[in-house]
file structure-v1.cif (mmCIF, C-alpha atoms)
data_query
#
loop_
_atom_site.label_atom_id
_atom_site.label_comp_id
_atom_site.auth_asym_id
_atom_site.auth_seq_id
_atom_site.Cartn_x
_atom_site.Cartn_y
_atom_site.Cartn_z
CA MET A 1 -7.83 41.04 15.52
CA ASN A 2 -11.14 39.81 14.12
CA VAL A 3 -14.50 39.69 15.85
CA ASP A 4 -14.21 35.99 16.68
CA THR A 5 -10.92 36.45 18.43
CA PHE A 6 -12.32 39.43 20.32
CA MET A 7 -15.27 37.31 21.47
CA TRP A 8 -12.85 34.56 22.48
CA ILE A 9 -10.91 37.07 24.57
CA LEU A 10 -14.08 38.36 26.20
CA ALA A 11 -15.20 34.81 26.94
CA ARG A 12 -11.92 34.07 28.68
CA VAL A 13 -11.99 37.34 30.62
CA THR A 14 -15.55 36.82 31.83
CA GLY A 15 -14.76 33.19 32.61
CA LEU A 16 -11.84 34.16 34.82
CA ALA A 17 -13.84 36.97 36.45
CA ALA A 18 -16.77 34.62 37.09
CA THR A 19 -14.39 32.15 38.70
CA ALA A 20 -13.09 34.89 41.00
CA ALA A 21 -16.62 36.01 41.92
CA LEU A 22 -17.64 32.41 42.52
CA ALA A 23 -14.65 31.97 44.82
CA ILE A 24 -15.77 35.02 46.82
CA SER A 25 -19.25 33.56 47.02
CA LEU A 26 -17.90 30.23 48.24
CA LEU A 27 -15.65 31.96 50.76
CA THR A 28 -18.49 33.98 52.27
CA GLY A 29 -20.68 30.88 52.26
CA LEU A 30 -18.03 28.89 54.07
CA ALA A 31 -17.52 31.75 56.51
CA LEU A 32 -21.13 31.50 57.61
CA ARG A 33 -20.47 28.07 59.05
CA SER A 34 -16.76 28.04 59.77
CA ALA A 35 -16.66 31.53 61.37
CA VAL A 36 -13.49 32.26 59.44
CA LEU A 37 -14.59 35.87 58.88
CA ASP A 38 -15.90 36.41 62.40
CA TRP A 39 -12.98 38.74 63.09
CA LEU A 40 -14.11 40.91 60.20
CA ALA A 41 -17.89 41.21 60.31
CA THR A 42 -21.08 39.89 61.77
CA ASN A 43 -22.73 36.83 60.30
CA ARG A 44 -25.57 39.00 59.08
CA ALA A 45 -23.18 41.09 57.00
CA VAL A 46 -21.41 38.00 55.68
CA ARG A 47 -24.75 36.39 54.80
CA ALA A 48 -25.89 39.52 52.95
CA THR A 49 -22.60 39.59 51.06
CA HIS A 50 -22.89 35.89 50.24
CA GLU A 51 -26.34 36.46 48.75
CA PHE A 52 -25.13 39.59 46.97
CA THR A 53 -22.28 37.77 45.21
CA ALA A 54 -24.85 35.88 43.13
CA MET A 55 -25.38 39.17 41.32
CA LEU A 56 -21.69 39.13 40.43
CA TRP A 57 -20.97 35.58 39.27
CA ILE A 58 -24.27 34.83 37.55
CA PRO A 59 -24.04 37.69 34.99
CA LEU A 60 -20.35 37.00 34.43
CA GLY A 61 -21.01 33.30 33.91
CA PHE A 62 -23.86 34.13 31.55
CA LEU A 63 -21.66 36.50 29.57
CA HIS A 64 -18.99 33.79 29.41
CA LEU A 65 -21.48 31.53 27.63
CA VAL A 66 -22.78 34.30 25.37
CA PHE A 67 -19.31 35.31 24.21
CA LEU A 68 -18.39 31.69 23.57
CA LEU A 69 -21.43 31.26 21.33
CA LEU A 70 -20.61 34.49 19.50
CA ASP A 71 -17.21 33.12 18.55
CA ARG A 72 -17.64 31.23 15.25
CA ASN A 73 -14.68 28.99 16.01
CA VAL A 74 -16.32 27.74 19.16
CA ARG A 75 -19.84 27.78 17.78
CA ALA A 76 -18.80 25.49 14.93
CA GLY A 77 -18.26 22.68 17.40
CA LEU A 78 -20.44 23.77 20.30
CA HIS A 79 -24.19 23.95 20.10
CA LEU A 80 -26.64 25.56 22.48
CA VAL A 81 -27.66 22.20 23.91
CA ASP A 82 -24.02 21.44 24.70
CA LEU A 83 -24.06 24.20 27.28
CA VAL A 84 -26.35 22.14 29.49
CA VAL A 85 -25.83 18.56 28.26
CA PRO A 86 -22.27 17.54 29.11
CA PHE A 87 -19.73 15.48 27.16
CA ARG A 88 -21.30 15.86 23.72
CA VAL A 89 -18.79 18.09 21.97
CA GLY A 90 -16.05 16.71 19.78
CA PHE A 91 -13.23 18.89 21.07
CA GLY A 92 -12.02 19.21 24.65
CA THR A 93 -14.82 16.84 25.58
CA LEU A 94 -13.89 16.45 29.22
CA ALA A 95 -13.05 20.13 29.82
CA VAL A 96 -16.17 21.44 28.09
CA GLY A 97 -18.31 18.72 29.63
CA LEU A 98 -17.20 19.64 33.12
CA GLY A 99 -18.10 23.24 32.36
CA SER A 100 -21.58 22.18 31.25
CA LEU A 101 -21.98 20.03 34.34
CA SER A 102 -20.91 22.88 36.60
CA LEU A 103 -23.39 25.16 34.86
CA ASP A 104 -26.19 22.69 35.57
CA LEU A 105 -25.21 22.52 39.23
CA VAL A 106 -24.89 26.27 39.77
CA VAL A 107 -28.26 26.81 38.11
CA ILE A 108 -29.81 24.26 40.48
CA VAL A 109 -28.12 25.88 43.48
CA ALA A 110 -29.12 29.39 42.41
CA VAL A 111 -32.74 28.53 41.66
CA THR A 112 -33.19 26.58 44.88
CA GLY A 113 -31.54 29.47 46.70
CA TRP A 114 -34.30 31.76 45.51
CA LEU A 115 -36.92 29.14 46.36
CA ARG A 116 -35.45 28.46 49.76
CA ARG A 117 -38.56 29.37 51.71
CA ARG A 118 -40.60 26.86 49.71
CA LEU A 119 -38.22 23.97 50.26
CA HIS A 120 -37.70 21.73 53.22
CA PRO A 121 -34.64 23.00 55.11
CA VAL A 122 -32.85 19.66 54.97
CA ALA A 123 -33.49 19.28 51.23
CA TRP A 124 -32.35 22.85 50.59
CA ARG A 125 -29.20 22.32 52.65
CA TRP A 126 -28.15 19.23 50.72
CA ILE A 127 -28.91 20.87 47.39
CA HIS A 128 -26.95 23.96 48.41
CA ARG A 129 -23.96 21.76 49.25
CA LEU A 130 -23.77 20.96 45.54
CA SER A 131 -22.13 24.36 45.22
CA TYR A 132 -18.92 22.79 46.58
CA VAL A 133 -19.02 20.26 43.76
CA ALA A 134 -19.89 22.96 41.24
CA CYS A 135 -16.92 25.09 42.27
CA ALA A 136 -14.59 22.09 42.02
CA LEU A 137 -15.94 21.36 38.53
CA VAL A 138 -15.48 24.99 37.49
CA PHE A 139 -11.88 24.81 38.62
CA LEU A 140 -11.30 21.55 36.72
CA HIS A 141 -13.04 23.01 33.66
CA ALA A 142 -10.66 25.96 33.66
CA LEU A 143 -7.66 23.81 34.48
CA LEU A 144 -8.26 21.22 31.75
CA GLY A 145 -9.20 23.96 29.29
CA GLY A 146 -5.66 25.15 29.48
CA SER A 147 -6.31 28.55 27.93
CA ASP A 148 -5.13 30.55 30.91
CA PHE A 149 -4.60 28.27 33.88
CA SER A 150 -1.44 26.91 32.31
CA SER A 151 0.31 30.25 32.80
CA PRO A 152 2.23 30.95 36.01
CA GLN A 153 0.61 34.37 36.46
CA VAL A 154 -2.92 33.02 36.48
CA SER A 155 -2.01 29.80 38.25
CA ALA A 156 -0.46 31.68 41.16
CA PHE A 157 -3.82 33.24 42.00
CA THR A 158 -6.12 30.40 41.06
CA TRP A 159 -4.21 27.62 42.82
CA SER A 160 -3.77 29.80 45.92
CA GLY A 161 -7.47 30.58 46.00
CA ALA A 162 -8.39 26.96 45.37
CA ALA A 163 -6.06 25.80 48.14
CA ILE A 164 -7.57 28.27 50.64
CA LEU A 165 -11.09 27.24 49.75
CA ALA A 166 -10.17 23.55 49.89
CA VAL A 167 -8.65 23.93 53.37
CA LEU A 168 -11.70 25.84 54.58
CA SER A 169 -14.04 23.27 53.07
CA VAL A 170 -12.21 20.36 54.69
CA SER A 171 -12.09 22.24 58.00
CA ARG A 172 -15.78 22.91 57.73
CA ILE A 173 -16.51 19.24 57.09
CA LEU A 174 -14.22 17.95 59.85
CA TRP A 175 -14.70 20.49 62.63
CA GLY A 176 -17.81 22.49 61.77
CA ARG A 177 -18.09 25.94 63.27
CA LEU A 178 -15.11 27.25 65.22
CA SER A 179 -15.46 28.07 68.90
CA ALA A 180 -14.76 31.77 68.32
CA GLY A 181 -17.79 31.85 66.10
CA GLU A 182 -19.93 30.36 68.82
CA GLY A 183 -18.91 33.24 71.08
CA ARG A 184 -19.98 35.75 68.46
CA GLU A 185 -23.11 33.79 67.81
CA LEU A 186 -24.23 33.97 71.42
CA ARG A 187 -23.24 37.57 72.02
CA PRO A 188 -26.16 39.52 73.43
CA ASP A 189 -25.09 42.78 71.77
CA VAL A 190 -25.71 41.47 68.27
CA PRO A 191 -29.36 42.24 67.62
CA PRO A 192 -31.58 39.82 65.70
CA ALA A 193 -32.48 40.71 62.14
CA PRO A 194 -35.83 42.39 61.53
CA VAL A 195 -38.68 40.14 60.47
CA GLY A 196 -40.26 40.45 57.04
CA ARG A 197 -37.34 42.00 55.26
CA ALA A 198 -37.89 42.81 51.60
CA GLY A 199 -36.17 40.98 48.80
CA GLY A 200 -37.03 37.49 49.96
CA ARG A 201 -34.01 37.17 52.22
CA ARG A 202 -34.05 35.28 55.43
CA ALA A 203 -35.03 37.55 58.25
CA ASP A 204 -33.65 35.42 61.05
CA ASN A 205 -30.01 35.97 60.16
CA GLY A 206 -29.73 32.27 59.64
CA VAL A 207 -30.24 31.68 63.34
CA VAL A 208 -33.29 30.09 64.84
CA ALA A 209 -34.40 31.58 68.11
CA GLY A 210 -34.70 28.99 70.83
CA ALA A 211 -36.52 28.93 74.13
CA GLY A 212 -35.90 31.93 76.37
CA GLY A 213 -34.51 34.01 73.55
CA ARG A 214 -31.26 32.07 73.27
CA ARG A 215 -29.98 31.72 69.78
CA GLY A 216 -29.81 28.21 68.60
CA GLU A 217 -28.34 26.19 65.80
CA ARG A 218 -27.63 27.70 62.43
CA ARG A 219 -29.54 26.16 59.62
CA LEU A 220 -27.24 26.77 56.65
CA MET B 1 -16.83 45.56 67.98
CA ARG B 2 -19.61 45.47 65.41
CA GLY B 3 -17.28 44.67 62.54
CA VAL B 4 -17.24 45.85 58.97
CA PRO B 5 -20.67 47.01 57.77
CA THR B 6 -22.54 45.12 55.09
CA TRP B 7 -22.12 47.78 52.43
CA ALA B 8 -18.35 47.67 52.89
CA LEU B 9 -18.28 43.90 52.50
CA LYS B 10 -20.43 44.09 49.38
CA GLY B 11 -18.27 46.89 48.02
CA SER B 12 -15.16 44.82 48.66
CA ALA B 13 -16.68 41.89 46.78
CA VAL B 14 -17.47 44.17 43.84
CA CYS B 15 -14.00 45.71 43.93
CA LEU B 16 -12.33 42.29 44.01
CA THR B 17 -14.45 41.10 41.09
CA VAL B 18 -13.74 44.24 39.06
CA LEU B 19 -10.06 43.93 39.89
CA ALA B 20 -10.08 40.30 38.78
CA THR B 21 -11.84 41.31 35.57
CA PHE B 22 -9.27 43.95 34.73
CA ALA B 23 -6.39 41.66 35.65
CA ALA B 24 -7.87 38.92 33.47
CA ALA B 25 -8.38 41.38 30.60
CA ASN B 26 -4.81 42.55 30.97
CA TYR B 27 -3.46 39.01 30.92
CA VAL B 28 -5.70 37.62 28.17
CA GLY B 29 -5.09 40.69 26.00
CA GLY B 30 -1.39 39.91 26.11
CA HIS B 31 -1.84 36.17 25.54
CA VAL B 32 -4.43 35.89 22.80
CA LYS B 33 -3.19 32.60 21.38
CA ASP B 34 -2.40 29.56 23.42
CA ARG B 35 -1.50 26.43 21.47
CA SER B 36 -2.04 24.24 24.49
CA ALA B 37 -5.67 25.31 24.83
CA PRO B 38 -8.02 22.71 23.39
CA LEU B 39 -11.23 24.65 23.95
CA ARG B 40 -11.11 26.70 20.77
CA PRO B 41 -10.97 24.51 17.66
CA SER B 42 -9.66 26.03 14.46
CA LEU B 43 -12.02 26.56 11.53
CA HIS B 44 -11.30 25.20 8.08
CA PRO B 45 -10.57 28.24 5.89
CA ASP B 46 -12.78 27.07 3.01
CA THR B 47 -15.76 25.38 4.62
CA GLY B 48 -15.92 27.36 7.84
CA GLN B 49 -16.45 24.09 9.65
CA VAL B 50 -14.52 23.00 12.64
CA SER B 51 -11.49 20.94 11.64
CA LEU B 52 -10.56 18.23 14.04
CA GLY B 53 -7.64 15.94 13.52
CA PRO B 54 -4.03 15.28 14.35
CA GLY B 55 -1.65 18.17 14.11
CA VAL B 56 1.00 16.09 12.33
CA ARG B 57 0.49 15.86 8.56
CA THR B 58 2.03 13.53 5.99
CA THR B 59 4.58 15.34 3.88
CA THR B 60 4.64 15.27 0.09
CA SER B 61 8.37 15.85 -0.17
CA ALA B 62 10.77 13.06 -1.06
CA PRO B 63 11.90 10.84 1.79
CA VAL B 64 15.42 11.23 3.15
CA THR B 65 17.36 8.11 2.22
CA GLU B 66 20.92 9.16 2.90
CA THR B 67 22.84 11.38 5.26
CA THR B 68 25.95 13.48 4.86
CA VAL B 69 28.95 12.68 6.97
CA SER B 70 31.37 15.53 7.53
#
call {"tool": "encode", "arguments": {"input": "structure-v1.cif", "output": "structure tokens"}}
result
Amino acid sequence: MNVDTFMWILARVTGLAATAALAISLLTGLALRSAVLDWLATNRAVRATHEFTAMLWIPLGFLHLVFLLLDRNVRAGLHLVDLVVPFRVGFGTLAVGLGSLSLDLVVIVAVTGWLRRRLHPVAWRWIHRLSYVACALVFLHALLGGSDFSSPQVSAFTWSGAAILAVLSVSRILWGRLSAGEGRELRPDVPPAPVGRAGGRRADNGVVAGAGGRRGERRL
Amino acid sequence: MRGVPTWALKGSAVCLTVLATFAAANYVGGHVKDRSAPLRPSLHPDTGQVSLGPGVRTTTSAPVTETTVS
């Protein structure tokens, strides 16, 4: 096995791992609104995990790009600009282009996530919803690429995960937050998050305190 | 019930990602080549440039003009 093939293998491994980490991120993000993980943990814990997963999928996605560029076979037809400008490459144009497009979207979502406090909540919310589109594009990128998603072993996991996330996303769009989540949300024994927490995270646990101390509408 | 603590959720996310990484490495290591994958073009052996084109080539051998009947 030569170096190029080894880089190709590493690119595929990191690509699959980044997809898995991104799926976890999407799941925890969906859980914040759909209350699908309310049986497991508080919203504060799920929110912290959702923010933490960025430290998993961003490095893996970055390594995926680095290993691709280190493979001479790929580099011969893929330039640095093609990573961010979609549909320019001469091979696998649609599959590679969708990957570039998804990269653009996840970068926008990640950057605006860090700048959340400086953005208008409504603007941030709509930008953050691009993550649904980005995840769908990542899935299509991997599917059309055909390197691994064509195999039954990989497909069993990826299609199952995609189906679960799709059902949750549609449920979230149609029905919003489940009633069980509302019960947890209004429970008096769940203390509010401390104010001024380090690391730039939201200190209000995503919940805005209303009049009389009652917790109000989530903002995510 | 206060639920699973934050550190446990984060640890689970890390474990799942690591598990997915190892599973992917195990699978990809056993399936290095995939002819149906279009994302890795082959390089021309002489020029080192990417060679794009149809996989079917014109043969130089003589055409078959007759068949044998048994």
call {"tool": "closest_atom_pairs", "arguments": {"input": "structure-v1.cif", "of": "chain A", "to": "chain B", "cutoff": "7 Å", "atoms": "all atoms listed in the file", "output": "CSV"}}
result
residue,atom,partner,partner_atom,distance
A:Ile9,CA,B:Val28,CA,6.4
A:Val13,CA,B:Ala24,CA,5.3
A:Thr14,CA,B:Thr21,CA,6.9
A:Leu16,CA,B:Ala24,CA,6.3
A:Ala17,CA,B:Thr21,CA,4.9
A:Ala20,CA,B:Thr17,CA,6.4
A:Ala21,CA,B:Thr17,CA,5.6
A:Ile24,CA,B:Ala13,CA,6.9
A:Leu40,CA,B:Gly3,CA,5.4
A:Ala41,CA,B:Gly3,CA,4.2
A:Thr42,CA,B:Gly3,CA,6.2
A:Ala45,CA,B:Thr6,CA,4.5
A:Ala48,CA,B:Thr6,CA,6.9
A:Thr49,CA,B:Lys10,CA,5.3
A:Phe52,CA,B:Lys10,CA,6.9
A:Asn73,CA,B:Leu43,CA,5.7
A:Val74,CA,B:Arg40,CA,5.6
A:Ala76,CA,B:Val50,CA,5.5
A:Gly77,CA,B:Val50,CA,6.1
A:Phe91,CA,B:Leu39,CA,6.7
A:Gly92,CA,B:Pro38,CA,5.5
A:Gly145,CA,B:Leu39,CA,5.8
A:Gly146,CA,B:Ala37,CA,4.7
A:Ser147,CA,B:Ala37,CA,4.5
call {"tool": "atom_distance", "arguments": {"input": "structure-v1.cif", "atom1": "atom CA of A:Ser169", "atom2": "atom CA of A:Trp124"}}
result
18.5 Å
call {"tool": "atom_distance", "arguments": {"input": "structure-v1.cif", "atom1": "atom CA of A:Ile58", "atom2": "atom CA of A:Gly15"}}
result
10.8 Å
call {"tool": "resolve_selection", "arguments": {"input": "structure-v1.cif", "expression": "the PyMOL selection byres ((chain A and resi 128-130) around 9)", "output": "PyMOL selection string"}}
result
chain A and resi 105-106+108-110+112-113+123-127+131-135+220
call {"tool": "atom_distance", "arguments": {"input": "structure-v1.cif", "atom1": "atom CA of A:Val46", "atom2": "atom CA of A:Ser100"}}
result
29.1 Å
call {"tool": "resolve_selection", "arguments": {"input": "structure-v1.cif", "expression": "the PyMOL selection byres ((chain A and resi 79-83) around 9)", "output": "VMD selection string"}}
result
chain A and resid 65 69 74 to 78 84 to 89 96 to 97 99 to 101 103 to 104
call {"tool": "write_last_selection", "arguments": {"input": "structure-v1.cif", "atoms": "C-alpha atoms", "output": "PDB file, in the coordinates of the input"}}
result
ATOM      1  CA  LEU A  65     -21.480  31.530  27.630  1.00  0.00           C
ATOM      2  CA  LEU A  69     -21.430  31.260  21.330  1.00  0.00           C
ATOM      3  CA  VAL A  74     -16.320  27.740  19.160  1.00  0.00           C
ATOM      4  CA  ARG A  75     -19.840  27.780  17.780  1.00  0.00           C
ATOM      5  CA  ALA A  76     -18.800  25.490  14.930  1.00  0.00           C
ATOM      6  CA  GLY A  77     -18.260  22.680  17.400  1.00  0.00           C
ATOM      7  CA  LEU A  78     -20.440  23.770  20.300  1.00  0.00           C
ATOM      8  CA  VAL A  84     -26.350  22.140  29.490  1.00  0.00           C
ATOM      9  CA  VAL A  85     -25.830  18.560  28.260  1.00  0.00           C
ATOM     10  CA  PRO A  86     -22.270  17.540  29.110  1.00  0.00           C
ATOM     11  CA  PHE A  87     -19.730  15.480  27.160  1.00  0.00           C
ATOM     12  CA  ARG A  88     -21.300  15.860  23.720  1.00  0.00           C
ATOM     13  CA  VAL A  89     -18.790  18.090  21.970  1.00  0.00           C
ATOM     14  CA  VAL A  96     -16.170  21.440  28.090  1.00  0.00           C
ATOM     15  CA  GLY A  97     -18.310  18.720  29.630  1.00  0.00           C
ATOM     16  CA  GLY A  99     -18.100  23.240  32.360  1.00  0.00           C
ATOM     17  CA  SER A 100     -21.580  22.180  31.250  1.00  0.00           C
ATOM     18  CA  LEU A 101     -21.980  20.030  34.340  1.00  0.00           C
ATOM     19  CA  LEU A 103     -23.390  25.160  34.860  1.00  0.00           C
ATOM     20  CA  ASP A 104     -26.190  22.690  35.570  1.00  0.00           C
TER      21      ASP A 104
END
call {"tool": "residues_around", "arguments": {"input": "structure-v1.cif", "residues": "stretch 2-7 of chain A", "least_positions_apart": "2", "cutoff": "8 Å", "atoms": "all atoms listed in the file", "output": "PyMOL selection string"}}
result
(chain A and resi 9-11+67-68+70-73) or (chain B and resi 32)
call {"tool": "write_last_selection", "arguments": {"input": "structure-v1.cif", "atoms": "C-alpha atoms", "output": "PDB file, keeping the file's coordinate frame"}}
result
ATOM      1  CA  ILE A   9     -10.910  37.070  24.570  1.00  0.00           C
ATOM      2  CA  LEU A  10     -14.080  38.360  26.200  1.00  0.00           C
ATOM      3  CA  ALA A  11     -15.200  34.810  26.940  1.00  0.00           C
ATOM      4  CA  PHE A  67     -19.310  35.310  24.210  1.00  0.00           C
ATOM      5  CA  LEU A  68     -18.390  31.690  23.570  1.00  0.00           C
ATOM      6  CA  LEU A  70     -20.610  34.490  19.500  1.00  0.00           C
ATOM      7  CA  ASP A  71     -17.210  33.120  18.550  1.00  0.00           C
ATOM      8  CA  ARG A  72     -17.640  31.230  15.250  1.00  0.00           C
ATOM      9  CA  ASN A  73     -14.680  28.990  16.010  1.00  0.00           C
TER      10      ASN A  73
ATOM     11  CA  VAL B  32      -4.430  35.890  22.800  1.00  0.00           C
TER      12      VAL B  32
END
